[in-house]
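K.L.:
To be precise about what I am sending: the file is called my_file.txt and holds compact mmCIF, C-alpha atoms and all ligand atoms.
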```
# COMPACT_ATOMS: atom_id res chain seq x y z
CA MET J 1 32.58 134.48 84.14
CA THR J 2 35.75 136.15 82.88
CA THR J 3 35.68 137.57 79.38
CA SER J 4 38.34 136.45 76.96
CA ASP J 5 39.35 139.87 75.74
CA MET J 6 43.09 139.65 75.17
CA PHE J 7 45.29 138.46 72.33
CA VAL J 8 48.87 137.28 72.22
CA GLY J 9 51.12 138.26 69.32
CA VAL J 10 54.24 136.20 68.68
CA ASP J 11 56.71 137.75 66.22
CA ILE J 12 59.47 135.47 64.92
CA GLY J 13 62.02 137.64 63.16
CA ASN J 14 65.52 136.75 62.07
CA THR J 15 67.17 139.12 64.53
CA LYS J 16 64.66 139.29 67.35
CA LEU J 17 61.82 137.37 68.94
CA ALA J 18 59.05 139.47 70.41
CA VAL J 19 55.86 138.47 72.21
CA GLY J 20 53.14 140.78 73.47
CA LEU J 21 49.79 140.62 75.23
CA LEU J 22 47.28 143.06 73.72
CA ASP J 23 43.78 144.10 74.63
CA ARG J 24 40.93 144.22 72.12
CA GLN J 25 41.78 147.83 71.23
CA GLY J 26 45.26 146.77 70.14
CA VAL J 27 47.05 148.30 73.11
CA ILE J 28 50.08 146.31 74.27
CA GLN J 29 49.69 145.45 77.96
CA THR J 30 53.00 143.70 78.36
CA SER J 31 55.73 142.45 76.04
CA ALA J 32 59.02 140.59 75.97
CA ARG J 33 61.93 140.65 73.53
CA ARG J 34 64.94 138.41 73.04
CA PRO J 35 67.54 138.17 70.31
CA THR J 36 66.94 135.27 67.92
CA SER J 37 69.63 132.63 68.09
CA VAL J 38 69.05 131.36 64.57
CA ASP J 39 71.90 128.84 64.78
CA SER J 40 70.48 127.00 67.77
CA GLY J 41 67.77 125.40 65.63
CA ALA J 42 64.00 125.39 65.56
CA SER J 43 63.29 123.46 68.76
CA SER J 44 65.36 125.78 70.93
CA VAL J 45 63.75 128.90 69.40
CA VAL J 46 60.30 127.37 69.91
CA GLU J 47 61.09 126.63 73.59
CA THR J 48 62.20 130.25 74.05
CA LEU J 49 58.99 131.50 72.41
CA LEU J 50 56.79 129.29 74.58
CA ALA J 51 58.56 130.55 77.69
CA MET J 52 58.20 134.19 76.59
CA THR J 53 54.51 133.64 75.84
CA GLY J 54 53.99 132.11 79.27
CA GLU J 55 55.70 135.16 80.81
CA VAL J 56 53.55 137.78 79.09
CA ILE J 57 50.33 135.88 79.81
CA GLY J 58 51.23 135.44 83.48
CA GLU J 59 48.10 134.99 85.56
CA ARG J 60 45.78 136.12 82.78
CA GLY J 61 45.51 132.79 80.95
CA ASN J 62 41.71 132.71 81.22
CA ARG J 63 41.44 136.12 79.51
CA VAL J 64 43.35 135.12 76.36
CA ALA J 65 41.03 134.69 73.37
CA GLY J 66 43.70 133.66 70.90
CA VAL J 67 47.36 133.50 69.95
CA GLY J 68 48.66 134.81 66.62
CA ILE J 69 52.08 134.09 65.16
CA GLY J 70 53.94 136.07 62.51
CA PHE J 71 56.80 134.14 60.90
CA GLY J 72 59.48 135.62 58.66
CA GLY J 73 59.25 132.97 55.99
CA LEU J 74 56.88 130.77 54.03
CA VAL J 75 53.78 129.84 56.00
CA ASN J 76 51.03 127.39 55.21
CA ILE J 77 48.12 129.27 56.79
CA HIS J 78 45.75 126.32 56.38
CA ASN J 79 47.61 123.89 58.63
CA GLY J 80 49.63 126.45 60.62
CA ILE J 81 53.03 125.18 59.52
CA ALA J 82 56.15 127.31 59.18
CA VAL J 83 57.35 125.78 55.91
CA SER J 84 60.80 127.29 55.51
CA SER J 85 62.71 130.56 55.55
CA PRO J 86 65.99 131.78 54.08
CA ASN J 87 66.55 133.46 57.46
CA PHE J 88 66.12 130.25 59.45
CA PRO J 89 68.32 127.58 57.95
CA GLY J 90 67.33 124.13 59.13
CA TRP J 91 63.69 125.03 59.79
CA SER J 92 61.48 122.72 57.83
CA ASN J 93 57.74 122.28 58.30
CA VAL J 94 57.53 123.33 61.96
CA PRO J 95 53.89 122.89 63.17
CA LEU J 96 53.94 126.07 65.26
CA THR J 97 50.20 126.58 65.47
CA ALA J 98 49.63 123.08 66.86
CA ILE J 99 52.48 123.49 69.37
CA PHE J 100 51.08 126.77 70.72
CA SER J 101 47.42 125.73 70.78
CA GLU J 102 48.35 122.56 72.66
CA ARG J 103 50.38 124.46 75.22
CA PHE J 104 48.02 127.38 75.83
CA ARG J 105 44.68 125.76 74.95
CA VAL J 106 43.39 128.68 72.88
CA PRO J 107 42.73 129.17 69.15
CA THR J 108 46.06 129.85 67.42
CA ALA J 109 46.77 131.02 63.89
CA MET J 110 49.87 131.95 61.91
CA ASP J 111 50.70 134.06 58.89
CA ASN J 112 53.90 135.39 57.39
CA ASP J 113 55.24 138.48 59.10
CA ALA J 114 54.44 140.88 56.26
CA ASN J 115 50.79 139.81 56.06
CA ALA J 116 50.57 140.02 59.84
CA SER J 117 52.07 143.53 59.86
CA ALA J 118 49.57 144.66 57.22
CA LEU J 119 46.72 143.43 59.45
CA GLY J 120 48.32 145.23 62.41
CA GLU J 121 48.55 148.48 60.44
CA ARG J 122 44.89 148.10 59.52
CA TRP J 123 43.90 147.41 63.12
CA VAL J 124 45.69 150.25 64.92
CA GLY J 125 48.29 151.73 62.53
CA ALA J 126 48.43 153.86 59.40
CA ALA J 127 45.74 151.94 57.48
CA ARG J 128 42.93 152.06 60.05
CA GLY J 129 39.64 151.39 58.30
CA MET J 130 41.23 151.14 54.84
CA ASP J 131 40.31 148.47 52.32
CA ASN J 132 42.98 149.06 49.67
CA PHE J 133 46.57 149.46 50.71
CA VAL J 134 50.04 148.03 50.34
CA TYR J 135 52.43 147.36 53.21
CA MET J 136 56.13 147.14 52.45
CA THR J 137 58.92 146.42 54.88
CA ILE J 138 62.43 147.50 53.99
CA SER J 139 64.97 145.91 56.29
CA THR J 140 67.64 143.27 55.67
CA GLY J 141 65.27 142.04 52.95
CA ILE J 142 62.15 143.58 51.40
CA GLY J 143 58.75 142.04 52.04
CA GLY J 144 55.23 143.12 51.43
CA ALA J 145 51.53 142.45 51.66
CA PHE J 146 48.50 143.70 49.79
CA VAL J 147 45.06 144.34 51.18
CA LEU J 148 42.70 144.77 48.24
CA ASP J 149 38.95 145.22 48.46
CA GLY J 150 39.23 144.51 52.17
CA ARG J 151 41.07 141.19 51.91
CA LEU J 152 44.66 140.05 52.09
CA LEU J 153 45.82 139.01 48.65
CA ARG J 154 47.18 135.47 48.84
CA GLY J 155 47.48 133.96 45.36
CA GLN J 156 47.57 130.32 44.32
CA SER J 157 50.20 129.16 46.81
CA GLY J 158 49.62 131.80 49.46
CA TYR J 159 52.86 133.57 48.62
CA ALA J 160 51.47 136.70 46.97
CA GLY J 161 52.98 140.01 48.02
CA GLU J 162 56.66 139.24 47.47
CA VAL J 163 57.39 142.79 46.38
CA GLY J 164 61.09 142.32 47.17
CA HIS J 165 61.45 140.02 44.21
CA MET J 166 59.97 142.27 41.57
CA ILE J 167 62.71 142.83 39.02
CA VAL J 168 63.60 146.51 38.83
CA ASP J 169 66.88 146.15 36.89
CA PRO J 170 67.32 143.04 34.74
CA ASP J 171 71.09 143.65 34.70
CA GLY J 172 71.31 144.26 38.45
CA PRO J 173 73.28 142.29 41.03
CA PRO J 174 72.26 138.74 42.04
CA CYS J 175 69.49 138.28 44.60
CA ARG J 176 69.39 135.57 47.24
CA CYS J 177 66.33 134.13 45.45
CA GLY J 178 68.54 133.17 42.50
CA LYS J 179 67.38 135.89 40.09
CA GLN J 180 69.09 139.22 39.57
CA GLY J 181 68.09 142.84 39.89
CA CYS J 182 65.19 142.21 42.29
CA LEU J 183 64.07 145.21 44.34
CA GLU J 184 65.56 143.50 47.40
CA ALA J 185 68.95 143.24 45.65
CA MET J 186 68.85 146.98 44.89
CA ALA J 187 67.20 148.69 47.85
CA SER J 188 67.23 146.50 50.99
CA GLY J 189 69.51 147.35 53.90
CA THR J 190 71.77 144.48 52.86
CA ALA J 191 71.94 145.78 49.28
CA LEU J 192 72.76 149.34 50.38
CA VAL J 193 75.61 148.15 52.58
CA GLN J 194 76.94 145.88 49.84
CA PHE J 195 76.81 148.70 47.30
CA ALA J 196 78.57 151.10 49.68
CA ARG J 197 81.30 148.60 50.57
CA GLU J 198 82.10 147.94 46.92
CA ALA J 199 82.15 151.64 46.08
CA VAL J 200 84.50 152.38 48.97
CA GLU J 201 86.80 149.56 47.82
CA ASP J 202 86.74 151.14 44.36
CA GLY J 203 87.95 154.42 45.86
CA VAL J 204 84.80 156.54 45.60
CA PRO J 205 85.34 159.82 47.49
CA THR J 206 83.52 159.50 50.82
CA ARG J 207 84.23 159.63 54.55
CA LEU J 208 82.72 156.17 54.99
CA GLY J 209 86.06 154.37 54.67
CA GLU J 210 87.59 156.50 57.38
CA MET J 211 84.51 156.14 59.58
CA ALA J 212 84.85 152.35 59.21
CA HIS J 213 88.53 152.52 60.15
CA ASN J 214 89.39 151.49 56.60
CA GLU J 215 87.73 148.12 57.00
CA THR J 216 84.87 147.97 54.54
CA GLY J 217 83.44 145.02 56.48
CA ARG J 218 82.65 147.50 59.24
CA ILE J 219 80.34 149.53 57.02
CA THR J 220 76.81 148.90 58.29
CA GLY J 221 73.43 150.44 57.66
CA GLU J 222 73.78 152.54 60.80
CA LEU J 223 77.18 153.85 59.72
CA LEU J 224 75.79 154.73 56.30
CA HIS J 225 72.93 156.59 57.97
CA ARG J 226 75.32 158.44 60.27
CA ALA J 227 77.50 159.45 57.30
CA ALA J 228 74.42 160.79 55.51
CA LEU J 229 73.41 162.73 58.63
CA GLU J 230 76.92 164.22 58.77
CA GLY J 231 76.55 165.41 55.20
CA ASP J 232 78.56 162.81 53.31
CA GLY J 233 77.58 163.24 49.67
CA PHE J 234 78.20 159.63 48.67
CA ALA J 235 76.17 158.22 51.60
CA ARG J 236 73.30 160.49 50.60
CA GLN J 237 73.60 159.28 47.00
CA VAL J 238 73.34 155.66 48.19
CA PHE J 239 70.01 156.45 49.86
CA ALA J 240 68.78 158.49 46.89
CA ARG J 241 69.56 155.51 44.64
CA CYS J 242 67.63 153.27 47.05
CA GLY J 243 64.71 155.73 46.81
CA ARG J 244 64.80 155.62 43.04
CA TYR J 245 64.55 151.81 42.95
CA LEU J 246 61.82 151.79 45.59
CA GLY J 247 60.09 154.40 43.45
CA ILE J 248 60.27 152.12 40.40
CA GLY J 249 58.76 149.25 42.38
CA ILE J 250 56.06 151.38 43.99
CA ALA J 251 55.11 153.09 40.70
CA ASN J 252 54.58 149.65 39.16
CA ILE J 253 52.50 148.48 42.13
CA ILE J 254 50.32 151.60 41.92
CA SER J 255 49.74 151.17 38.21
CA VAL J 256 48.77 147.51 38.60
CA LEU J 257 46.77 147.47 41.84
CA ASP J 258 45.31 150.94 42.42
CA PRO J 259 45.84 151.14 46.21
CA SER J 260 44.89 154.26 48.16
CA LEU J 261 47.86 154.05 50.52
CA ILE J 262 51.43 152.71 50.51
CA ILE J 263 52.84 152.03 53.99
CA LEU J 264 56.59 151.69 54.40
CA GLY J 265 58.04 149.97 57.47
CA GLY J 266 61.27 148.24 58.43
CA GLY J 267 64.61 149.33 59.85
CA VAL J 268 65.83 151.16 56.72
CA MET J 269 62.97 153.64 57.24
CA LYS J 270 65.03 155.18 60.07
CA ALA J 271 66.94 156.81 57.21
CA GLY J 272 63.70 157.65 55.37
CA ALA J 273 64.51 161.36 55.35
CA PHE J 274 67.25 160.57 52.84
CA PHE J 275 65.18 158.61 50.33
CA LEU J 276 61.45 159.24 50.71
CA GLN J 277 61.63 162.34 48.57
CA ALA J 278 63.27 160.36 45.76
CA VAL J 279 60.52 157.74 46.06
CA GLU J 280 57.80 160.35 45.84
CA GLU J 281 59.40 162.15 42.91
CA PHE J 282 59.76 158.97 40.93
CA VAL J 283 56.24 157.83 41.72
CA ALA J 284 54.79 161.23 40.81
CA ARG J 285 56.47 161.08 37.42
CA LYS J 286 55.98 157.42 36.55
CA ALA J 287 52.89 155.98 38.19
CA LEU J 288 49.79 155.77 36.07
CA ARG J 289 47.78 157.88 38.49
CA GLU J 290 48.81 161.43 39.17
CA GLY J 291 48.02 164.46 41.28
CA GLN J 292 44.97 164.21 43.48
CA LEU J 293 44.44 160.55 42.71
CA ALA J 294 47.95 159.41 43.63
CA PRO J 295 48.05 157.26 46.77
CA ARG J 296 49.82 158.62 49.81
CA ILE J 297 53.14 157.07 50.81
CA VAL J 298 53.46 157.01 54.61
CA PRO J 299 55.65 155.43 57.29
CA ALA J 300 54.22 152.52 59.28
CA GLY J 301 52.11 153.57 62.26
CA CYS J 302 52.73 150.67 64.64
CA GLY J 303 56.39 151.42 65.30
CA ASP J 304 58.97 148.87 66.40
CA LEU J 305 56.42 146.42 67.71
CA VAL J 306 54.47 146.19 64.43
CA GLY J 307 55.33 142.47 64.28
CA VAL J 308 53.74 141.80 67.66
CA VAL J 309 50.67 143.93 66.93
CA GLY J 310 50.35 142.24 63.54
CA ALA J 311 50.61 138.76 64.99
CA ALA J 312 47.89 139.62 67.53
CA ALA J 313 45.80 140.95 64.63
CA VAL J 314 46.09 137.50 63.00
CA ALA J 315 44.65 136.00 66.19
CA LEU J 316 41.89 138.62 66.31
CA ALA J 317 40.92 137.96 62.67
CA THR J 318 40.82 134.21 63.26
CA VAL J 319 38.71 134.46 66.41
CA ALA J 320 36.35 136.89 64.62
CA ARG J 321 36.00 134.48 61.68
CA SER J 322 35.20 131.50 63.87
CA ALA J 323 32.64 133.58 65.80
CA ASP J 324 31.01 134.49 62.46
CA ALA J 325 30.96 130.87 61.41
CA SER J 326 29.31 129.69 64.63
CA GLU J 327 26.53 132.28 64.49
ZN ZN Q 1 64.94 138.07 44.40
```
Please render this file's structure as structure tokens.
P.N.:
Amino acid sequence: MTTSDMFVGVDIGNTKLAVGLLDRQGVIQTSARRPTSVDSGASSVVETLLAMTGEVIGERGNRVAGVGIGFGGLVNIHNGIAVSSPNFPGWSNVPLTAIFSERFRVPTAMDNDANASALGERWVGAARGMDNFVYMTISTGIGGAFVLDGRLLRGQSGYAGEVGHMIVDPDGPPCRCGKQGCLEAMASGTALVQFAREAVEDGVPTRLGEMAHNETGRITGELLHRAALEGDGFARQVFARCGRYLGIGIANIISVLDPSLIILGGGVMKAGAFFLQAVEEFVARKALREGQLAPRIVPAGCGDLVGVVGAAAVALATVARSADASE
């Protein structure tokens, strides 16, 4: 008899789709990546994901113990439905779990991508063996997940952990959620670029305008990072400002939830050298706990494929739970 000792992780992000086959130790055996064509609609994305999953499984179908899916939007974990997402217009109540379990005939579970990533970090990343930590992802938006007393915090509707929509400046710019001054509107990659573009249009002294060939629309997160690396004072200020707002959010989280670790992931962390110090300074001054008791703030340990590892961790957790229940 062959042992079912492998897990598939399916990561549905707004810019890329990634699928991986992992062993029980969380090591990726094989993986596939494609850009997400958000505009082509749910059914075409689902077909692509099924094909990618078939590719990574290959001849090892009888060794797969479960499939886990991480979705960048609202997920009903009880019935495995991707409810909706601001990143996937037109997606409404897609029964992903049922589609995958029918196709591959293995237990399948889904969670939102931030919760999945937190489970991945706990499995093989920066939070190995930890029962109290916060995972935050800073990319085009800001998402998060809390593991407290060993369990993912879910809340009444299952939407707990939306750290991006904590208000850090009541007079701040509008957020895509309809409120204003949310952390995401101040410190996400999108917010940084928006802030920089407006400042350049207002004539702030910086090389960014020149680097963007005087088209502010060409200012991107990468360009901002490059300007900071080249010593541009304004670009560095943009990141320091981002660090300050992240610091406000993180200080509040620490005071309320008493975690022992804060993990920061997401694409904006590539520029972490320009804002992590500001985060730490703010947290050290403002969080309720100080000195020895202050939680560490660390970069994510799973790297670029955290979404895939996390999704596989969702499958692992589900298979482990059903094994417990049948004992
Ligand atoms: Zn918001």
K.L.:
Taking only C-alpha atoms and all ligand atoms into account, which residues are within 6 Å of ligand ZN 1 (chain Q), as a short mmCIF file (atom, residue, chain, number, x, y, z; two decimals) with C-alpha atoms, keeping the file's coordinate frame?
P.N.:
```cif
data_model
loop_
_atom_site.label_atom_id
_atom_site.label_comp_id
_atom_site.auth_asym_id
_atom_site.auth_seq_id
_atom_site.Cartn_x
_atom_site.Cartn_y
_atom_site.Cartn_z
CA HIS J 165 61.45 140.02 44.21
CA CYS J 175 69.49 138.28 44.60
CA ARG J 176 69.39 135.57 47.24
CA CYS J 177 66.33 134.13 45.45
CA LYS J 179 67.38 135.89 40.09
CA CYS J 182 65.19 142.21 42.29
#
```
K.L.:
For Ala271 of chain J, list every protein, DNA or RNA residue within 8 Å, evaluated using all atoms listed in the file, and leave out those in the same chain fewer than 3 positions away; present the list as a PyMOL selection string.
P.N.:
chain J and resi 225+239+268+274-275
K.L.:
I need every residue sitting at most 12 Å from the point (72.0, 131.6, 60.6) (coordinates as in the file, all atoms listed in the file considered), written as an mmCIF file with C-alpha atoms, in the coordinates of the input.
P.N.:
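Just written: selection.cif:
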```
data_model
loop_
_atom_site.group_PDB
_atom_site.id
_atom_site.type_symbol
_atom_site.label_atom_id
_atom_site.label_comp_id
_atom_site.auth_asym_id
_atom_site.auth_seq_id
_atom_site.Cartn_x
_atom_site.Cartn_y
_atom_site.Cartn_z
ATOM 1 C CA GLY J 13 62.020 137.640 63.160
ATOM 2 C CA ASN J 14 65.520 136.750 62.070
ATOM 3 C CA THR J 15 67.170 139.120 64.530
ATOM 4 C CA THR J 36 66.940 135.270 67.920
ATOM 5 C CA SER J 37 69.630 132.630 68.090
ATOM 6 C CA VAL J 38 69.050 131.360 64.570
ATOM 7 C CA ASP J 39 71.900 128.840 64.780
ATOM 8 C CA SER J 40 70.480 127.000 67.770
ATOM 9 C CA GLY J 41 67.770 125.400 65.630
ATOM 10 C CA ALA J 42 64.000 125.390 65.560
ATOM 11 C CA SER J 85 62.710 130.560 55.550
ATOM 12 C CA PRO J 86 65.990 131.780 54.080
ATOM 13 C CA ASN J 87 66.550 133.460 57.460
ATOM 14 C CA PHE J 88 66.120 130.250 59.450
ATOM 15 C CA PRO J 89 68.320 127.580 57.950
ATOM 16 C CA GLY J 90 67.330 124.130 59.130
ATOM 17 C CA TRP J 91 63.690 125.030 59.790
#
```
K.L.:
Grab the atom CA of Arg122 of chain J to atom CA of Met6 of chain J distance for me, in Å with one decimal place.
P.N.:
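Pair atom CA of Arg122 of chain J / atom CA of Met6 of chain J returns 17.9 Å.
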K.L.:
So which one's closest to Ile167 of chain J, J:Gly249, J:Arg241, J:Asn115, J:Ile297? Using only C-alpha atoms, please.
P.N.:
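Comparing J:Gly249, J:Arg241, J:Asn115, J:Ile297 against Ile167 of chain J, the winner is J:Gly249.
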K.L.:
For the point (60.8, 149.9, 53.2) in file coordinates, what residues are within 10 Å, counting only C-alpha atoms? Give the answer as a ChimeraX atom specification?
P.N.:
/J:135-144,164,184,187-189,242-243,246,263-270,272,276,299-300
K.L.:
Between J:Ala199, J:Ala191, J:Val8, J:Ala82, which one has atoms that come closest to Leu50 of chain J, using only C-alpha atoms?
P.N.:
J:Val8
K.L.:
Reconstruct segment 200-224 of chain J at the level of N, CA, C and O atoms, and format the result as a tab-separated table (two decimals), keeping the file's coordinate frame.
P.N.:
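Saved the output as selection17.tsv:
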```tsv
chain	number	residue	atom	x	y	z
J	200	VAL	N	83.38	151.92	48.16
J	200	VAL	CA	84.50	152.38	48.97
J	200	VAL	C	85.77	151.63	48.55
J	200	VAL	O	86.85	152.22	48.40
J	201	GLU	N	85.63	150.33	48.30
J	201	GLU	CA	86.80	149.56	47.82
J	201	GLU	C	87.29	150.07	46.48
J	201	GLU	O	88.48	150.05	46.18
J	202	ASP	N	86.36	150.58	45.66
J	202	ASP	CA	86.74	151.14	44.36
J	202	ASP	C	87.28	152.56	44.46
J	202	ASP	O	87.60	153.18	43.45
J	203	GLY	N	87.33	153.10	45.66
J	203	GLY	CA	87.95	154.42	45.86
J	203	GLY	C	87.04	155.61	45.64
J	203	GLY	O	87.52	156.73	45.42
J	204	VAL	N	85.74	155.40	45.71
J	204	VAL	CA	84.80	156.54	45.60
J	204	VAL	C	85.09	157.54	46.72
J	204	VAL	O	85.35	157.14	47.86
J	205	PRO	N	85.08	158.86	46.43
J	205	PRO	CA	85.34	159.82	47.49
J	205	PRO	C	84.20	159.87	48.51
J	205	PRO	O	83.06	160.17	48.16
J	206	THR	N	84.51	159.51	49.74
J	206	THR	CA	83.52	159.50	50.82
J	206	THR	C	84.26	159.35	52.15
J	206	THR	O	85.38	158.83	52.19
J	207	ARG	N	83.62	159.79	53.22
J	207	ARG	CA	84.23	159.63	54.55
J	207	ARG	C	83.95	158.25	55.16
J	207	ARG	O	84.43	157.92	56.23
J	208	LEU	N	83.14	157.47	54.45
J	208	LEU	CA	82.72	156.17	54.99
J	208	LEU	C	83.90	155.26	55.34
J	208	LEU	O	83.90	154.62	56.38
J	209	GLY	N	84.90	155.24	54.45
J	209	GLY	CA	86.06	154.37	54.67
J	209	GLY	C	86.74	154.72	55.98
J	209	GLY	O	87.00	153.85	56.83
J	210	GLU	N	86.96	156.00	56.16
J	210	GLU	CA	87.59	156.50	57.38
J	210	GLU	C	86.72	156.19	58.61
J	210	GLU	O	87.21	155.73	59.65
J	211	MET	N	85.42	156.41	58.46
J	211	MET	CA	84.51	156.14	59.58
J	211	MET	C	84.52	154.66	59.95
J	211	MET	O	84.27	154.29	61.10
J	212	ALA	N	84.81	153.80	58.96
J	212	ALA	CA	84.85	152.35	59.21
J	212	ALA	C	86.27	151.89	59.51
J	212	ALA	O	86.56	150.69	59.41
J	213	HIS	N	87.13	152.83	59.86
J	213	HIS	CA	88.53	152.52	60.15
J	213	HIS	C	89.18	151.72	59.03
J	213	HIS	O	89.93	150.77	59.28
J	214	ASN	N	88.84	152.11	57.81
J	214	ASN	CA	89.39	151.49	56.60
J	214	ASN	C	89.15	149.98	56.50
J	214	ASN	O	89.88	149.28	55.82
J	215	GLU	N	88.13	149.52	57.18
J	215	GLU	CA	87.73	148.12	57.00
J	215	GLU	C	86.32	148.12	56.43
J	215	GLU	O	85.36	148.40	57.17
J	216	THR	N	86.20	147.84	55.15
J	216	THR	CA	84.87	147.97	54.54
J	216	THR	C	83.85	147.04	55.20
J	216	THR	O	82.66	147.33	55.22
J	217	GLY	N	84.34	145.93	55.78
J	217	GLY	CA	83.44	145.02	56.48
J	217	GLY	C	82.74	145.68	57.65
J	217	GLY	O	81.71	145.19	58.13
J	218	ARG	N	83.28	146.80	58.11
J	218	ARG	CA	82.65	147.50	59.24
J	218	ARG	C	81.57	148.49	58.80
J	218	ARG	O	80.97	149.17	59.64
J	219	ILE	N	81.40	148.63	57.50
J	219	ILE	CA	80.34	149.53	57.02
J	219	ILE	C	78.99	148.83	57.23
J	219	ILE	O	78.76	147.73	56.73
J	220	THR	N	78.14	149.46	58.00
J	220	THR	CA	76.81	148.90	58.29
J	220	THR	C	75.75	149.93	57.86
J	220	THR	O	76.09	151.06	57.50
J	221	GLY	N	74.50	149.52	57.95
J	221	GLY	CA	73.43	150.44	57.66
J	221	GLY	C	73.45	151.66	58.57
J	221	GLY	O	73.23	152.78	58.13
J	222	GLU	N	73.74	151.42	59.85
J	222	GLU	CA	73.78	152.54	60.80
J	222	GLU	C	74.89	153.52	60.45
J	222	GLU	O	74.71	154.74	60.52
J	223	LEU	N	76.05	152.98	60.07
J	223	LEU	CA	77.18	153.85	59.72
J	223	LEU	C	76.85	154.69	58.49
J	223	LEU	O	77.14	155.89	58.42
J	224	LEU	N	76.19	154.04	57.53
J	224	LEU	CA	75.79	154.73	56.30
J	224	LEU	C	74.82	155.87	56.64
J	224	LEU	O	74.93	156.99	56.11
```
